[in-house]
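Structure data follow from start.cif (mmCIF, C-alpha atoms):
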data_model
#
loop_
_atom_site.label_atom_id
_atom_site.label_comp_id
_atom_site.auth_asym_id
_atom_site.auth_seq_id
_atom_site.Cartn_x
_atom_site.Cartn_y
_atom_site.Cartn_z
CA MET N 1 -24.51 7.07 3.79
CA THR N 2 -24.60 10.82 4.46
CA ALA N 3 -21.83 13.09 3.21
CA GLU N 4 -20.67 13.75 6.78
CA THR N 5 -20.44 10.00 7.56
CA ALA N 6 -18.45 9.45 4.36
CA ARG N 7 -15.96 12.17 5.33
CA GLU N 8 -15.67 10.82 8.89
CA ARG N 9 -15.03 7.27 7.67
CA THR N 10 -12.40 8.50 5.23
CA ARG N 11 -10.68 10.54 7.97
CA LEU N 12 -10.57 7.46 10.19
CA ALA N 13 -9.20 5.38 7.28
CA TRP N 14 -6.33 7.89 6.93
CA ARG N 15 -5.64 7.66 10.68
CA ARG N 16 -5.51 3.85 10.52
CA THR N 17 -3.14 4.08 7.57
CA VAL N 18 -0.81 6.45 9.45
CA LEU N 19 -0.84 4.04 12.42
CA ALA N 20 0.08 1.13 10.13
CA GLY N 21 2.87 3.21 8.55
CA THR N 22 4.18 4.15 12.00
CA VAL N 23 4.33 0.50 13.07
CA VAL N 24 6.38 -0.28 9.92
CA GLY N 25 8.62 2.72 10.71
CA LEU N 26 9.20 1.40 14.24
CA LEU N 27 10.10 -2.03 12.83
CA PHE N 28 12.66 -0.32 10.59
CA LEU N 29 14.04 1.47 13.65
CA ARG N 30 14.32 -1.81 15.57
CA LEU N 31 16.01 -3.64 12.68
CA ALA N 32 18.18 -1.02 11.02
CA GLY N 33 19.00 1.27 13.96
CA PRO N 34 20.41 4.56 12.61
CA GLY N 35 20.01 3.18 9.07
CA ALA N 36 16.26 3.57 9.59
CA ALA N 37 16.79 7.26 8.82
CA LEU N 38 16.44 6.24 5.17
CA ALA N 39 12.82 5.24 5.87
CA VAL N 40 11.99 8.55 7.54
CA PRO N 41 11.28 10.54 4.31
CA ALA N 42 8.75 7.93 3.16
CA TRP N 43 7.05 7.99 6.58
CA LEU N 44 7.00 11.81 6.53
CA VAL N 45 5.33 11.78 3.08
CA LEU N 46 2.60 9.50 4.45
CA LEU N 47 2.21 11.70 7.54
CA ALA N 48 2.09 14.96 5.55
CA VAL N 49 -0.44 13.69 3.00
CA ALA N 50 -2.63 12.18 5.76
CA HIS N 51 -2.48 15.43 7.76
CA ARG N 52 -3.52 17.43 4.69
CA ARG N 53 -6.36 15.05 3.76
CA ILE N 54 -7.68 14.84 7.34
CA GLY N 55 -7.70 18.66 7.42
CA VAL N 56 -9.54 18.98 4.10
CA LEU N 57 -12.05 16.27 5.05
CA GLY N 58 -12.93 18.28 8.17
CA HIS N 59 -14.57 20.87 5.91
CA ALA N 60 -17.15 20.46 3.17
CA ARG N 61 -14.48 21.01 0.52
CA THR N 62 -13.07 18.74 -2.14
CA GLU N 63 -9.73 18.79 -3.91
CA PRO N 64 -7.99 16.61 -6.52
CA THR N 65 -6.31 13.76 -4.66
CA GLY N 66 -4.49 11.86 -7.46
CA ARG N 67 -1.09 13.36 -6.77
CA LYS N 68 -1.34 12.83 -3.03
CA LEU N 69 -2.47 9.21 -3.32
CA ALA N 70 0.26 8.50 -5.88
CA LEU N 71 2.83 9.93 -3.45
CA VAL N 72 1.55 7.63 -0.68
CA ALA N 73 1.76 4.59 -2.98
CA LEU N 74 5.30 5.54 -4.01
CA ALA N 75 6.28 6.05 -0.35
CA VAL N 76 5.02 2.57 0.57
CA THR N 77 6.83 1.09 -2.46
CA THR N 78 10.03 2.81 -1.28
CA LEU N 79 9.58 1.30 2.19
CA ALA N 80 9.13 -2.15 0.62
CA VAL N 81 12.25 -1.79 -1.54
CA PHE N 82 14.30 -0.49 1.38
CA GLY N 83 13.05 -3.38 3.53
CA THR N 84 14.02 -5.86 0.81
CA VAL N 85 17.55 -4.43 0.73
CA LEU N 86 17.72 -4.72 4.53
CA ALA N 87 16.60 -8.37 4.44
CA VAL N 88 19.09 -9.34 1.73
CA LEU N 89 22.12 -7.55 3.17
CA PRO N 90 24.10 -9.78 5.54
CA MET D 1 10.29 4.60 -19.72
CA ARG D 2 7.36 5.93 -21.75
CA PHE D 3 5.13 3.35 -20.01
CA VAL D 4 6.24 4.60 -16.57
CA ILE D 5 5.66 8.26 -17.47
CA GLY D 6 2.24 7.39 -18.95
CA ALA D 7 1.27 5.51 -15.78
CA LEU D 8 2.44 8.37 -13.55
CA ARG D 9 0.45 10.88 -15.60
CA ARG D 10 -2.66 8.66 -15.39
CA TRP D 11 -2.33 8.39 -11.61
CA PHE D 12 -1.55 12.08 -11.01
CA ASP D 13 -4.28 13.49 -13.25
CA ALA D 14 -7.09 10.98 -12.64
CA ASP D 15 -9.24 13.56 -10.86
CA GLY D 16 -7.28 16.73 -11.60
CA PRO D 17 -8.34 19.68 -13.74
CA GLN D 18 -7.20 17.89 -16.90
CA ALA D 19 -9.22 14.74 -16.22
CA GLU D 20 -11.87 13.65 -18.72
CA GLY D 21 -15.58 13.49 -17.87
CA THR D 22 -17.42 15.05 -14.97
CA ALA D 23 -16.71 14.70 -11.26
CA PRO D 24 -18.95 12.02 -9.65
CA ASP D 25 -20.83 12.48 -6.37
CA TYR D 26 -17.91 12.95 -4.02
CA ARG D 27 -19.18 10.25 -1.66
CA PHE D 28 -18.24 7.78 -4.41
CA SER D 29 -14.80 9.38 -4.72
CA LEU D 30 -14.36 9.08 -0.95
CA ALA D 31 -15.36 5.39 -1.09
CA ASN D 32 -12.75 4.90 -3.84
CA GLU D 33 -10.17 6.67 -1.63
CA ARG D 34 -11.01 4.40 1.32
CA THR D 35 -10.59 1.32 -0.86
CA PHE D 36 -7.18 2.66 -1.92
CA LEU D 37 -6.24 3.19 1.74
CA ALA D 38 -7.37 -0.34 2.66
CA TRP D 39 -5.02 -1.73 -0.02
CA ILE D 40 -2.21 0.53 1.21
CA ARG D 41 -2.70 -0.86 4.73
CA THR D 42 -2.57 -4.37 3.28
CA ALA D 43 0.72 -3.44 1.59
CA LEU D 44 2.06 -1.97 4.84
CA ALA D 45 1.04 -5.13 6.72
CA LEU D 46 2.98 -7.28 4.26
CA VAL D 47 6.04 -4.99 4.46
CA GLY D 48 5.80 -5.10 8.26
CA GLY D 49 5.43 -8.88 8.16
CA GLY D 50 8.48 -9.16 5.91
CA LEU D 51 10.51 -6.99 8.28
CA ALA D 52 9.36 -9.03 11.27
CA VAL D 53 10.34 -12.30 9.52
CA ALA D 54 13.79 -10.88 8.67
CA GLY D 55 14.37 -9.49 12.13
CA PHE D 56 12.73 -11.76 14.65
CA LEU D 57 12.34 -15.23 13.13
CA PRO D 58 15.14 -17.64 14.10
CA PRO D 59 16.94 -19.20 11.09
CA LEU D 60 14.81 -22.03 9.61
CA ARG D 61 16.04 -25.55 8.88
CA ILE D 62 16.02 -24.88 5.15
CA PRO D 63 18.87 -22.49 4.29
CA HIS D 64 17.80 -18.97 3.23
CA LEU D 65 14.07 -19.81 3.56
CA ARG D 66 13.72 -16.99 6.07
CA GLU D 67 15.25 -14.45 3.67
CA VAL D 68 13.19 -15.73 0.72
CA LEU D 69 9.98 -15.45 2.76
CA SER D 70 10.86 -11.98 3.95
CA VAL D 71 11.72 -10.68 0.46
CA ALA D 72 8.61 -12.30 -1.05
CA LEU D 73 6.36 -10.58 1.51
CA MET D 74 7.94 -7.18 0.91
CA LEU D 75 7.90 -7.42 -2.88
CA LEU D 76 4.25 -8.45 -2.67
CA GLY D 77 3.69 -5.35 -0.52
CA ALA D 78 5.32 -3.15 -3.18
CA ALA D 79 3.21 -4.73 -5.93
CA ILE D 80 0.02 -4.14 -3.91
CA ALA D 81 0.90 -0.45 -3.36
CA VAL D 82 1.48 0.12 -7.10
CA ARG D 83 -1.66 -1.79 -8.02
CA ALA D 84 -3.64 0.20 -5.39
CA ILE D 85 -2.94 3.56 -7.04
CA ASP D 86 -3.47 2.15 -10.53
CA HIS D 87 -6.84 0.69 -9.58
CA TRP D 88 -7.85 3.91 -7.80
CA ALA D 89 -7.08 5.93 -10.96
CA ARG D 90 -8.95 3.51 -13.24
CA ALA D 91 -12.00 3.48 -10.92
CA GLU D 92 -11.97 7.28 -10.70
CA ARG D 93 -11.80 7.56 -14.49
CA ALA D 94 -14.65 5.04 -14.92
CA MET D 95 -16.84 6.99 -12.49
CA ARG D 96 -16.10 10.29 -14.25
CA LEU D 97 -17.05 8.78 -17.62
CA GLY D 98 -20.11 6.93 -16.30
CA ARG D 99 -18.67 3.53 -17.23
CA PRO D 100 -18.78 0.29 -15.20
CA LEU D 101 -16.05 0.04 -12.57
CA PRO D 102 -12.95 -1.84 -13.80
CA ALA D 103 -13.02 -5.56 -13.12
CA SER D 104 -9.90 -6.98 -11.49
CA ARG D 105 -8.44 -10.43 -11.02
CA PHE D 106 -5.84 -9.12 -8.61
CA PRO D 107 -7.67 -9.93 -5.33
CA GLY D 108 -8.21 -13.51 -6.52
CA VAL D 109 -4.60 -13.90 -7.67
CA LEU D 110 -3.37 -12.45 -4.37
CA ALA D 111 -5.57 -14.81 -2.33
CA VAL D 112 -4.31 -17.85 -4.27
CA ALA D 113 -0.67 -16.66 -3.99
CA VAL D 114 -0.95 -16.15 -0.22
CA ALA D 115 -2.69 -19.52 0.26
CA LEU D 116 -0.07 -21.35 -1.85
CA GLY D 117 2.76 -19.56 -0.05
CA ALA D 118 1.32 -20.54 3.33
CA LEU D 119 0.94 -24.19 2.24
CA LEU D 120 4.48 -24.34 0.85
CA LEU D 121 5.83 -22.82 4.04
CA LEU D 122 3.86 -25.30 6.14
CA VAL D 123 5.28 -28.22 4.15
CA ALA D 124 8.80 -26.74 4.28
CA THR D 125 8.69 -26.37 8.07
CA VAL D 126 6.84 -29.59 8.97
CA LEU D 127 8.65 -32.03 6.65
CA PRO D 128 12.15 -31.63 8.19
CA VAL D 129 10.64 -32.16 11.67
CA LEU D 130 8.90 -35.40 10.61
CA ARG D 131 12.05 -36.86 9.05
#

As structure tokens, what does this structure read like?
Amino acid sequence: MTAETARERTRLAWRRTVLAGTVVGLLFLRLAGPGAALAVPAWLVLLAVAHRRIGVLGHARTEPTGRKLALVALAVTTLAVFGTVLAVLP
Amino acid sequence: MRFVIGALRRWFDADGPQAEGTAPDYRFSLANERTFLAWIRTALALVGGGLAVAGFLPPLRIPHLREVLSVALMLLGAAIAVRAIDHWARAERAMRLGRPLPASRFPGVLAVAVALGALLLLVATVLPVLR
């Protein structure tokens, strides 16, 4: 695989991940109504990190990604915990 | 608490300036990143599935089964997200140090858990209908 193909595939993987996150955000909106505002910060973290990574991957540059990926994982964990609270509350 | 801080430091600094070893060919790092993203999408799918079960599934014959299923899916999603970043950091570290990639039983355990969950759910929904 060439370097350019690897970057393109990774960019597309970020786009797919943002789409999946957006679908989950819309489900929150449908289920929690205004309460879905609590899920917005987590979605924004995913969006911001993806935007940054897609931008960097457009150039032949590299950067440490550990912090960004950890933030994404924590955002998804937050969504899961918030969803659990929603499901348990009457 | 010390365990949590240690884990956070390992995740944050896996490929940062303080990381051990030398940076691998960045195509390998990108492949590791894509694997992480695939697990994150799996986690998001489970969270979405849990939300859909909680919101759109009519109440099942067995009391609270719907809530249990929904919570189980979302907690599994959370576990997958945490494991995704941990595995990414361990793989990155292994590549930097020229060691074999970390072996993991997690995909196997997850597959068995999902299969068992599906079977239990099938039995729980079909049995009351047959009676």

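Considering the residues N:Ala32, N:Met1, N:Leu27, N:Ala48 and counting all atoms listed in the file, D:Gly50 has its shortest atom-to-atom contact with N:Leu27.
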
For chain D against chain N, with a cut-off of 8 Å and counting only C-alpha atoms, what is the closest atom pair and its distance in Å to one decimal for every residue that makes the cut, ordered by chain and number, as CSV?
residue,atom,partner,partner_atom,distance
D:Leu8,CA,N:Ala70,CA,8.0
D:Trp11,CA,N:Gly66,CA,5.8
D:Phe12,CA,N:Arg67,CA,4.5
D:Asp13,CA,N:Gly66,CA,6.0
D:Ala14,CA,N:Gly66,CA,5.9
D:Asp15,CA,N:Pro64,CA,5.4
D:Gly16,CA,N:Pro64,CA,5.1
D:Pro17,CA,N:Pro64,CA,7.9
D:Tyr26,CA,N:Thr62,CA,7.8
D:Arg27,CA,N:Ala6,CA,6.1
D:Leu30,CA,N:Thr10,CA,6.5
D:Ala31,CA,N:Ala6,CA,7.5
D:Glu33,CA,N:Thr10,CA,7.4
D:Arg34,CA,N:Thr10,CA,5.8
D:Leu37,CA,N:Ala13,CA,6.7
D:Ala38,CA,N:Ala13,CA,7.6
D:Ile40,CA,N:Ala73,CA,7.1
D:Arg41,CA,N:Thr17,CA,5.7
D:Ala43,CA,N:Val76,CA,7.5
D:Leu44,CA,N:Gly21,CA,6.4
D:Ala45,CA,N:Ala20,CA,7.2
D:Val47,CA,N:Ala80,CA,5.7
D:Gly48,CA,N:Val24,CA,5.1
D:Gly50,CA,N:Gly83,CA,7.7
D:Leu51,CA,N:Gly83,CA,6.5
D:Ala52,CA,N:Leu27,CA,7.2
D:Ala54,CA,N:Ala87,CA,5.7
D:Gly55,CA,N:Leu31,CA,6.1
D:Glu67,CA,N:Ala87,CA,6.3
D:Ser70,CA,N:Ala87,CA,6.8
D:Val71,CA,N:Thr84,CA,5.4
D:Met74,CA,N:Ala80,CA,5.2
D:Leu75,CA,N:Ala80,CA,6.4
D:Gly77,CA,N:Ala80,CA,6.4
D:Ala78,CA,N:Thr77,CA,4.6
D:Ala79,CA,N:Thr77,CA,7.7
D:Ala81,CA,N:Ala73,CA,5.1
D:Val82,CA,N:Ala73,CA,6.1
D:Ala84,CA,N:Ala73,CA,7.4
D:Ile85,CA,N:Ala70,CA,6.0
D:Ala89,CA,N:Gly66,CA,7.4

Separation of atom CA of D:Ala111 from atom CA of D:Thr42 in Å: 12.2 Å

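Note that atom CA of D:Ile62 and atom CA of D:Ala124 are 7.5 Å apart.
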
Applied to this file, what does the PyMOL selection byres ((chain D and resi 104-108) around 12) return in terms of residues, put as a list in words?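 On this input, the PyMOL selection byres ((chain D and resi 104-108) around 12) captures Trp39, Thr42, Leu76, Ala79, Ile80, Val82, Arg83, Ala84, Asp86, His87, Trp88, Arg90, Ala91, Leu101, Pro102, Ala103, Val109, Leu110, Ala111, Val112, Ala113, Val114 and Ala115 of chain D.
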
Can you measure atom CA of D:Leu46 to atom CA of D:Glu92 for me? One decimal in Å is fine.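 These atoms are spaced 25.7 Å apart.
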